[in-house]
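*Asks:* Supplied structure: start24.cif, mmCIF, C-alpha atoms and all ligand atoms.
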data_final
#
loop_
_atom_site.label_atom_id
_atom_site.label_comp_id
_atom_site.auth_asym_id
_atom_site.auth_seq_id
_atom_site.Cartn_x
_atom_site.Cartn_y
_atom_site.Cartn_z
CA MET A 532 31.36 57.73 63.19
CA HIS A 533 33.90 55.29 61.71
CA GLU A 534 33.45 54.87 57.90
CA GLY A 535 34.14 51.14 58.29
CA LEU A 536 30.79 50.79 60.07
CA LEU A 537 29.18 51.03 56.63
CA ASN A 538 30.57 47.60 55.75
CA PHE A 539 28.19 45.51 57.83
CA TRP A 540 24.65 44.20 57.43
CA TYR A 541 22.04 46.11 59.44
CA ALA A 542 18.48 45.04 60.26
CA VAL A 543 16.71 48.35 59.67
CA GLU A 544 13.03 47.42 59.72
CA HIS A 545 10.69 44.64 60.81
CA ALA A 546 9.91 42.63 57.66
CA ALA A 547 6.19 42.64 58.56
CA THR A 548 6.10 46.48 58.64
CA LEU A 549 7.18 46.83 55.02
CA GLY A 550 3.98 46.54 52.99
CA ALA A 551 2.95 48.01 49.65
CA SER A 552 4.23 51.56 50.32
CA PRO A 553 7.88 52.65 50.27
CA LEU A 554 9.39 53.16 53.71
CA GLN A 555 12.26 55.49 54.59
CA VAL A 556 14.85 54.38 57.14
CA THR A 557 17.83 56.20 58.63
CA LEU A 558 21.16 54.48 59.20
CA LEU A 559 24.51 56.13 59.99
CA GLU A 560 23.18 59.60 59.14
CA ARG A 561 21.97 58.51 55.69
CA GLN A 562 18.43 57.98 54.46
CA PHE A 563 17.46 54.86 52.52
CA ILE A 564 14.21 53.81 50.91
CA LEU A 565 12.80 50.28 51.20
CA TYR A 566 10.02 48.91 49.03
CA ARG A 567 8.60 45.68 47.62
CA ASP A 568 8.57 45.14 43.86
CA GLY A 569 5.72 43.49 41.90
CA SER A 570 6.73 40.02 43.15
CA GLY A 571 6.96 41.12 46.82
CA ALA A 572 10.78 41.00 46.83
CA VAL A 573 12.40 43.67 49.00
CA LYS A 574 14.45 46.42 47.33
CA ALA A 575 16.60 49.09 48.95
CA ALA A 576 18.12 52.29 47.54
CA LEU A 577 19.65 55.52 48.68
CA ASP A 578 16.62 57.77 49.26
CA ARG A 579 17.49 60.42 46.71
CA CYS A 580 15.94 60.78 43.28
CA PRO A 581 18.63 61.32 40.60
CA HIS A 582 16.42 63.98 38.94
CA ARG A 583 16.23 66.70 41.57
CA GLY A 584 16.90 64.95 44.82
CA ALA A 585 13.40 64.32 46.17
CA SER A 586 12.77 61.60 48.75
CA PHE A 587 10.70 58.57 47.77
CA ARG A 588 8.97 58.60 51.17
CA THR A 589 5.69 59.74 49.62
CA GLY A 590 6.31 57.88 46.36
CA TRP A 591 4.62 54.62 45.41
CA VAL A 592 5.10 51.32 43.63
CA GLU A 593 3.38 50.81 40.29
CA ALA A 594 3.79 47.87 37.91
CA GLY A 595 6.68 46.73 40.10
CA CYS A 596 8.49 50.08 39.64
CA LEU A 597 9.26 52.69 42.29
CA ARG A 598 7.79 56.05 41.29
CA CYS A 599 9.10 59.39 42.43
CA PRO A 600 6.39 61.61 43.98
CA TYR A 601 7.84 64.79 42.42
CA HIS A 602 7.81 64.23 38.62
CA GLY A 603 6.70 60.62 38.46
CA TRP A 604 9.83 58.96 37.06
CA PHE A 605 9.68 55.13 36.97
CA PHE A 606 12.55 53.06 38.42
CA GLU A 607 13.03 49.33 37.87
CA GLY A 608 14.25 47.01 40.62
CA ASP A 609 17.83 47.22 39.31
CA GLY A 610 17.72 51.03 39.71
CA ARG A 611 17.32 51.96 36.03
CA CYS A 612 14.85 54.70 35.13
CA THR A 613 12.63 53.34 32.38
CA ARG A 614 10.13 56.15 31.89
CA ILE A 615 10.10 59.94 32.31
CA PRO A 616 6.54 61.27 31.99
CA ALA A 617 7.66 64.82 31.01
CA ASP A 618 9.69 63.59 28.00
CA GLN A 619 8.25 63.48 24.47
CA PRO A 620 7.92 59.92 23.13
CA GLY A 621 11.20 58.57 21.74
CA VAL A 622 13.49 60.81 23.81
CA PRO A 623 16.33 58.62 25.16
CA ILE A 624 16.69 58.24 28.93
CA PRO A 625 20.15 59.26 30.18
CA ALA A 626 22.27 56.48 31.72
CA GLN A 627 22.75 58.56 34.88
CA ALA A 628 19.00 58.36 35.54
CA ARG A 629 19.51 55.50 37.97
CA LEU A 630 19.03 54.85 41.65
CA SER A 631 21.88 53.69 43.91
CA MET A 632 20.61 50.26 44.91
CA LEU A 633 21.89 48.43 47.99
CA PRO A 634 22.26 44.75 48.80
CA VAL A 635 19.11 43.80 50.74
CA VAL A 636 17.89 40.56 52.34
CA GLU A 637 14.72 39.64 54.23
CA ALA A 638 15.70 37.25 57.04
CA SER A 639 15.17 36.51 60.74
CA GLY A 640 12.06 38.73 60.83
CA PHE A 641 13.84 41.84 59.55
CA VAL A 642 14.90 43.68 56.39
CA TRP A 643 18.72 43.83 56.29
CA ILE A 644 20.69 46.31 54.18
CA PHE A 645 24.41 46.63 53.52
CA PRO A 646 25.21 50.34 53.08
CA GLY A 647 28.94 50.04 52.29
CA ASP A 648 31.00 48.30 49.60
CA ALA A 649 28.58 45.85 47.96
CA ALA A 650 31.46 43.48 47.12
CA MET A 651 31.77 42.78 50.87
CA ALA A 652 28.07 42.01 51.36
CA ASP A 653 28.04 38.29 52.15
CA PRO A 654 24.52 37.31 53.31
CA CYS A 655 26.02 34.42 55.34
CA GLN A 656 27.01 37.09 57.87
CA ILE A 657 23.33 37.71 58.76
CA PRO A 658 22.45 36.01 62.06
CA ALA A 659 19.76 33.35 62.06
CA PHE A 660 16.80 33.45 64.47
CA PRO A 661 15.63 29.81 64.29
CA GLU A 662 12.96 30.09 67.00
CA LEU A 663 11.07 32.81 65.10
CA GLY A 664 8.14 31.17 63.32
CA ALA A 665 9.00 27.70 64.68
CA ASP A 666 6.28 25.53 66.24
CA GLY A 667 5.55 26.37 69.87
CA TRP A 668 7.04 29.88 69.78
CA ARG A 669 4.95 33.04 69.95
CA ALA A 670 6.41 36.39 68.83
CA VAL A 671 5.91 40.02 69.86
CA SER A 672 7.83 43.02 68.56
CA GLY A 673 8.42 46.71 69.06
CA SER A 674 10.87 49.57 68.88
CA TYR A 675 12.33 52.28 71.12
CA ARG A 676 14.86 55.12 70.91
CA TRP A 677 17.91 56.04 72.94
CA ASP A 678 19.89 59.28 73.11
CA ALA A 679 23.03 57.17 73.11
CA ASN A 680 25.70 55.72 70.89
CA PHE A 681 24.65 52.27 69.64
CA SER A 682 27.80 50.65 71.11
CA ARG A 683 26.61 51.59 74.61
CA VAL A 684 23.19 50.11 73.91
CA VAL A 685 24.72 46.86 72.65
CA GLU A 686 26.94 46.69 75.73
CA SER A 687 23.97 47.11 78.08
CA GLY A 688 22.77 43.78 76.66
CA LEU A 689 26.18 42.18 77.30
CA ASP A 690 26.50 43.47 80.82
CA THR A 691 26.33 40.73 83.44
CA SER A 692 26.67 42.83 86.59
CA HIS A 693 24.16 45.68 86.29
CA ALA A 694 20.98 43.69 86.83
CA PRO A 695 20.69 43.95 90.66
CA PHE A 696 21.17 47.72 90.42
CA VAL A 697 19.35 48.76 87.26
CA HIS A 698 16.64 46.09 87.12
CA LYS A 699 15.66 46.15 90.77
CA PRO A 700 12.08 44.99 90.29
CA PHE A 701 13.32 41.63 88.95
CA PHE A 702 16.71 41.16 90.54
CA ILE A 703 16.53 41.67 94.25
CA HIS A 704 19.96 40.44 95.27
CA ARG A 705 21.95 43.64 95.63
CA ASP A 706 23.87 42.28 98.58
CA ASP A 707 24.82 39.21 96.65
CA ALA A 708 25.89 40.67 93.31
CA ALA A 709 29.19 38.83 92.70
CA VAL A 710 29.37 37.50 89.14
CA ALA A 711 30.57 33.92 88.68
CA PRO A 712 33.55 33.53 86.29
CA ILE A 713 32.44 34.10 82.70
CA GLU A 714 33.45 31.97 79.76
CA VAL A 715 33.22 33.93 76.54
CA GLY A 716 32.65 32.01 73.31
CA GLU A 717 33.59 33.77 70.10
CA ASP A 718 33.53 33.29 66.37
CA GLU A 719 33.90 35.53 63.32
CA ARG A 720 30.52 37.21 63.72
CA SER A 721 29.53 36.83 67.36
CA ALA A 722 30.55 36.70 71.01
CA SER A 723 28.46 35.18 73.79
CA CYS A 724 28.44 33.86 77.31
CA LEU A 725 26.13 32.04 79.70
CA VAL A 726 25.20 33.87 82.90
CA ARG A 727 23.75 32.09 85.92
CA THR A 728 21.93 34.12 88.56
CA LYS A 729 19.68 33.53 91.51
CA PRO A 730 16.09 33.28 90.31
CA PRO A 731 14.71 36.77 89.77
CA LYS A 732 11.51 37.86 91.43
CA ARG A 733 8.51 36.63 89.52
CA LEU A 734 6.45 39.54 88.27
CA GLY A 735 3.34 39.74 86.13
CA LEU A 736 2.30 36.43 84.62
CA LEU A 737 5.59 34.79 85.61
CA LYS A 738 4.16 34.62 89.13
CA TYR A 739 1.68 32.03 87.95
CA ILE A 740 3.74 29.97 85.57
CA VAL A 741 7.20 29.68 87.11
CA LYS A 742 7.61 27.62 90.27
CA ARG A 743 8.93 29.48 93.29
CA ASP A 744 11.55 27.02 94.50
CA ARG A 745 13.78 26.54 91.43
CA ASP A 746 17.46 27.15 92.23
CA TYR A 747 18.61 29.44 89.52
CA SER A 748 17.88 31.22 86.32
CA SER A 749 20.24 31.59 83.38
CA SER A 750 20.63 33.71 80.29
CA ARG A 751 22.77 33.40 77.23
CA LEU A 752 23.91 36.86 76.14
CA THR A 753 25.08 37.14 72.54
CA CYS A 754 26.19 39.97 70.31
CA TYR A 755 26.26 39.62 66.54
CA PHE A 756 28.65 42.29 65.33
CA PRO A 757 28.20 45.14 65.12
CA ASN A 758 24.77 45.87 66.62
CA VAL A 759 22.50 42.89 67.31
CA ASN A 760 21.78 41.61 70.81
CA ARG A 761 20.26 38.24 71.50
CA ILE A 762 19.28 37.58 75.11
CA ALA A 763 17.92 34.11 75.76
CA ILE A 764 16.41 33.87 79.25
CA ASP A 765 15.92 30.33 80.50
CA PHE A 766 13.60 30.18 83.52
CA ASN A 767 14.85 26.68 84.30
CA TRP A 768 11.29 25.60 84.74
CA LYS A 769 9.68 23.25 82.19
CA GLY A 770 12.05 24.56 79.52
CA TYR A 771 10.30 27.94 79.46
CA GLN A 772 12.33 30.58 77.64
CA TYR A 773 12.03 34.14 76.43
CA ILE A 774 14.40 35.22 73.66
CA TYR A 775 14.97 38.88 72.84
CA PHE A 776 16.53 39.62 69.44
CA ALA A 777 17.26 43.29 68.78
CA SER A 778 18.87 45.43 66.13
CA ASN A 779 20.30 48.60 67.71
CA ILE A 780 20.33 50.86 64.68
CA PRO A 781 22.90 53.70 64.73
CA LEU A 782 20.89 56.66 63.40
CA SER A 783 23.82 58.95 64.22
CA ALA A 784 26.64 58.99 66.78
CA THR A 785 24.22 60.10 69.49
CA GLU A 786 20.91 58.44 68.56
CA THR A 787 20.00 54.77 68.41
CA LEU A 788 16.75 53.16 67.35
CA THR A 789 16.18 49.63 68.62
CA LYS A 790 13.86 47.35 66.64
CA TRP A 791 13.25 44.14 68.53
CA ILE A 792 11.43 40.83 68.34
CA GLY A 793 10.76 38.71 71.43
CA VAL A 794 9.70 35.06 71.29
CA ARG A 795 8.43 32.85 74.12
CA ASN A 796 7.63 29.13 74.30
CA PHE A 797 5.06 29.39 77.09
CA LEU A 798 1.59 30.97 77.25
CA PRO A 799 1.10 30.97 73.48
CA GLN A 800 -2.22 32.83 73.77
CA ARG A 801 -2.54 36.29 72.25
CA TRP A 802 -3.75 37.77 75.58
CA ALA A 803 -0.34 37.06 77.10
CA ASP A 804 1.47 39.19 74.48
CA ARG A 805 0.90 42.36 76.47
CA ASN A 806 2.82 40.95 79.38
CA SER A 807 5.85 40.09 77.17
CA VAL A 808 5.84 43.57 75.64
CA ARG A 809 5.49 45.27 79.02
CA ASN A 810 8.38 43.35 80.57
CA THR A 811 10.61 44.21 77.60
CA VAL A 812 9.68 47.90 77.54
CA ASP A 813 10.02 48.23 81.34
CA THR A 814 13.53 46.75 81.09
CA TYR A 815 14.40 49.30 78.37
CA GLN A 816 13.12 52.17 80.52
CA GLU A 817 15.37 51.03 83.37
CA ASP A 818 18.43 50.65 81.09
CA ARG A 819 17.77 53.95 79.29
CA ILE A 820 18.43 56.06 82.38
CA VAL A 821 22.00 54.79 82.80
CA VAL A 822 22.86 54.20 79.13
CA GLU A 823 21.89 57.76 78.15
CA SER A 824 24.14 59.08 80.92
CA GLN A 825 27.25 57.53 79.29
CA ASP A 826 29.64 59.18 76.85
CA LYS A 827 28.31 59.26 73.28
CA SER A 828 31.39 58.21 71.29
CA LEU A 829 32.07 54.62 70.21
CA SER A 830 32.69 52.68 73.41
CA TRP A 831 35.96 51.17 72.17
CA ASP A 832 37.55 54.58 71.43
CA ARG A 833 40.64 54.88 73.58
CA ALA A 834 39.43 58.25 74.78
CA GLN A 835 36.78 56.53 76.89
CA ARG A 836 39.27 55.24 79.44
CA ASP A 837 36.74 52.80 80.85
CA LEU A 838 38.00 50.41 83.50
CA LEU A 839 36.81 46.94 82.52
CA LEU A 840 36.98 44.11 85.07
CA SER A 841 36.56 40.35 84.87
CA SER A 842 32.77 40.69 85.15
CA ASP A 843 32.96 42.83 81.97
CA GLN A 844 34.64 40.17 79.85
CA LEU A 845 31.91 39.91 77.27
CA ILE A 846 32.00 43.69 76.76
CA LEU A 847 35.77 43.49 76.42
CA ALA A 848 35.43 40.75 73.78
CA TYR A 849 32.94 42.92 71.86
CA ARG A 850 35.27 45.93 71.88
CA LYS A 851 38.30 43.91 70.81
CA ARG A 852 36.43 42.29 67.97
CA MET A 853 34.90 45.57 66.77
CA THR A 854 38.31 47.25 66.78
CA ALA A 855 39.77 44.38 64.72
CA LEU A 856 36.83 44.25 62.29
CA LEU A 857 36.94 48.01 61.70
CA ASP A 858 40.69 47.84 61.04
CA GLN A 859 39.91 45.43 58.17
CA ARG A 860 37.11 47.54 56.68
S1 LIG B 1 12.81 64.67 41.69
FE1 LIG B 1 12.23 62.63 41.28
S2 LIG B 1 11.27 62.73 39.35
FE2 LIG B 1 11.90 64.75 39.74
FE FE B 2 19.75 45.95 81.38
#
Can you present the structure in this file as structure tokens?
Ligand code: FES
Ligand SMILES: [Fe+2]

*Replies:*
Amino acid sequence: MHEGLLNFWYAVEHAATLGASPLQVTLLERQFILYRDGSGAVKAALDRCPHRGASFRTGWVEAGCLRCPYHGWFFEGDGRCTRIPADQPGVPIPAQARLSMLPVVEASGFVWIFPGDAAMADPCQIPAFPELGADGWRAVSGSYRWDANFSRVVESGLDTSHAPFVHKPFFIHRDDAAVAPIEVGEDERSASCLVRTKPPKRLGLLKYIVKRDRDYSSSRLTCYFPNVNRIAIDFNWKGYQYIYFASNIPLSATETLTKWIGVRNFLPQRWADRNSVRNTVDTYQEDRIVVESQDKSLSWDRAQRDLLLSSDQLILAYRKRMTALLDQR
């Protein structure tokens, strides 16, 4: 894939998943190790020991240092090796005995790493998720994989016209699928639009909490470049909303791992979590069938020869912006 893709922040793990043990993640065909130091602060490094190349996956954290599982070397949070158990006392530690550390930030429910040129790693680029942890909002989370390029996965979350065809259980208006004109809003790090549809069929718990006779339902679809989707569904009933926030992690050109968090401001009870998770996973299963059937190169490559129409304007904005951003990186 394009080398310039390294110069972005990526949410690679749910912050809550990273506990006391080091955790390996894959991003753009490279392996990285995440861990928490003695103070609980998150650290990230290329997952390769400078001694003989072992992974830290089965290593551990001791006295705030990351320890290699192979010969037990100690690494400080800045990457320096400070102790080599096999050396006699007093033997100096070579300067090259150092991990390649990465910029890392814990924010918006995730651990974010910047795998490219650290000088370009401005944490202000990381999208906020203000509803997460706020009063009245309940969160669920999960992950799923796609045999697809991440750009196609992102675009499935920006697609305003597929719902009546792909998500039949919810959207029953196949004969009335015209998309109203879309107004795309853009800034340096995101593109979004508001989509208004007929109210979808109420399934699961929605049957009991959303009134039947409301006129419409709306969603704000947002992409934070290069790989985060935010889908805010407004049921237009008592202010009830469900917001899906997902990092579509490019493992390689042909594999994507989505780590998502969903928040709702209705039915705050734990027993209702299952319903939120099921609706999200069912939607993924429906999308997966079509998304995995698409070409596996970056969607904005000219070779794709896609024919984008006015109902695809948000996708077009995403492709234009990604092309421009990659030209700069
Ligand atoms: S490979 Fe890590 S200490 Fe030897
Ligand atoms: Fe979809």

*Asks:* Counting only C-alpha atoms and all ligand atoms, name the residues that have an atom within 8 Å of an atom of ligand FE 2 (chain B); the answer should be given as a ChimeraX atom specification.

*Replies:* /A:687-688,690,693-694,697-698,814-815,817-818

*Asks:* Step by step, measure atom-to-atom distances between ligand LIG 1 (chain B) and each residue using all atoms listed in the file, keep those at most 7 Å, then write them as a VMD selection string.

*Replies:* chain A and resid 580 to 585 599 to 604

*Asks:* Tell me, in Å to one decimal, how far atom CA of A:Arg833 is from atom CA of A:Cys754.

*Replies:*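 Calculated distance between atom CA of A:Arg833 and atom CA of A:Cys754 is 21.0 Å.
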
*Asks:* Quick one: residues within 9 Å of A:Phe539, all atoms listed in the file counted, chain neighbours fewer than 2 positions away excluded, as a PDB file with C-alpha atoms, keeping the file's coordinate frame?

*Replies:*
ATOM      1  CA  GLY A 535      34.140  51.140  58.290  1.00  0.00           C
ATOM      2  CA  LEU A 536      30.790  50.790  60.070  1.00  0.00           C
ATOM      3  CA  LEU A 537      29.180  51.030  56.630  1.00  0.00           C
ATOM      4  CA  TYR A 541      22.040  46.110  59.440  1.00  0.00           C
ATOM      5  CA  ILE A 644      20.690  46.310  54.180  1.00  0.00           C
ATOM      6  CA  PHE A 645      24.410  46.630  53.520  1.00  0.00           C
ATOM      7  CA  PRO A 646      25.210  50.340  53.080  1.00  0.00           C
ATOM      8  CA  GLY A 647      28.940  50.040  52.290  1.00  0.00           C
ATOM      9  CA  MET A 651      31.770  42.780  50.870  1.00  0.00           C
ATOM     10  CA  ALA A 652      28.070  42.010  51.360  1.00  0.00           C
ATOM     11  CA  GLN A 656      27.010  37.090  57.870  1.00  0.00           C
ATOM     12  CA  PHE A 756      28.650  42.290  65.330  1.00  0.00           C
ATOM     13  CA  PRO A 757      28.200  45.140  65.120  1.00  0.00           C
TER      14      PRO A 757
END

*Asks:* Please determine, counting all atoms listed in the file, which residue among A:Val592, A:Ser586, A:Cys612, A:Leu633 has the shortest atom-to-atom distance to A:Lys574.

*Replies:*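 Using all atoms listed in the file, the shortest distance to A:Lys574 belongs to A:Leu633.
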
*Asks:* For A:Lys851, find every residue with an atom within 12 Å (counting only C-alpha atoms), except residues of its own chain fewer than 4 positions away, and show them as a count of residues only.

*Replies:* 17

*Asks:* Find the spatial neighbours of A:Ala551, counting all atoms listed in the file, within a cut-off of 10 Å - ignore same-chain residues fewer than 3 positions away - and output them as a list in words.

*Replies:* Thr548, Leu554, Tyr566, Arg567, Asp568, Gly569, Gly571, Trp591, Val592 and Glu593 of chain A

*Asks:* Calculated over only C-alpha atoms, which of the candidates A:Ala763, A:Cys596, A:Ile780, A:Ile774 has the smallest distance to A:Val543?

*Replies:*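 Selected residue with least distance to A:Val543: A:Ile780.
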
*Asks:* Could you give me, as a list in words, the residues within 7 Å of stretch 819-824 of chain A, counting all atoms listed in the file and dropping anything in the same chain fewer than 2 positions from it?

*Replies:*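 Skipping anything fewer than 2 positions along the chain leaves Trp677, Asp678, Ala679, Arg683, Val684, Tyr815, Gln816, Glu817 and Asp826 of chain A.
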
*Asks:* In terms of the shortest atom-to-atom distance over only C-alpha atoms, which of A:Leu798, A:Leu782, A:Arg852, A:Leu840 is closest to A:Phe681?

*Replies:* A:Leu782

*Asks:* Just the number, please: distance in Å from atom CA of A:Tyr747 to atom CA of A:Ile713, one decimal.

*Replies:*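 It comes out at 16.1 Å.
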
*Asks:* Return the single residue from A:Arg611, A:Arg588, A:Lys769, A:Arg795 that is closest to A:Gly664, with distances computed using only C-alpha atoms.

*Replies:*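 Between A:Arg611, A:Arg588, A:Lys769, A:Arg795, the residue approaching A:Gly664 most closely is A:Arg795.
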
*Asks:* Name the residues within 12 Å of (12.1, 28.7, 63.7), counting all atoms listed in the file in the file's coordinates, and put them as a VMD selection string.

*Replies:* chain A and resid 638 to 640 659 to 670 794 to 796

*Asks:* Do you know which residues are at most 9 Å from A:His545 counting only C-alpha atoms, after dropping those on the same chain fewer than 5 positions away, and could you put them as an MDAnalysis selection string?

*Replies:* chainID A and resid 640:642 672:673 790:792

*Asks:* Let me see the file: selected residues, C-alpha atoms, as a PDB file, keeping the file's coordinate frame.

*Replies:*
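This went into part-v5.pdb:
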ATOM      1  CA  GLY A 640      12.060  38.730  60.830  1.00  0.00           C
ATOM      2  CA  PHE A 641      13.840  41.840  59.550  1.00  0.00           C
ATOM      3  CA  VAL A 642      14.900  43.680  56.390  1.00  0.00           C
ATOM      4  CA  SER A 672       7.830  43.020  68.560  1.00  0.00           C
ATOM      5  CA  GLY A 673       8.420  46.710  69.060  1.00  0.00           C
ATOM      6  CA  LYS A 790      13.860  47.350  66.640  1.00  0.00           C
ATOM      7  CA  TRP A 791      13.250  44.140  68.530  1.00  0.00           C
ATOM      8  CA  ILE A 792      11.430  40.830  68.340  1.00  0.00           C
TER       9      ILE A 792
END

*Asks:* Restricting the calculation to all atoms listed in the file: of A:Asn767, A:Asn538, A:Ser552, A:Thr728, which residue gets closest to A:Val741?

*Replies:*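 Selected residue with least distance to A:Val741: A:Asn767.
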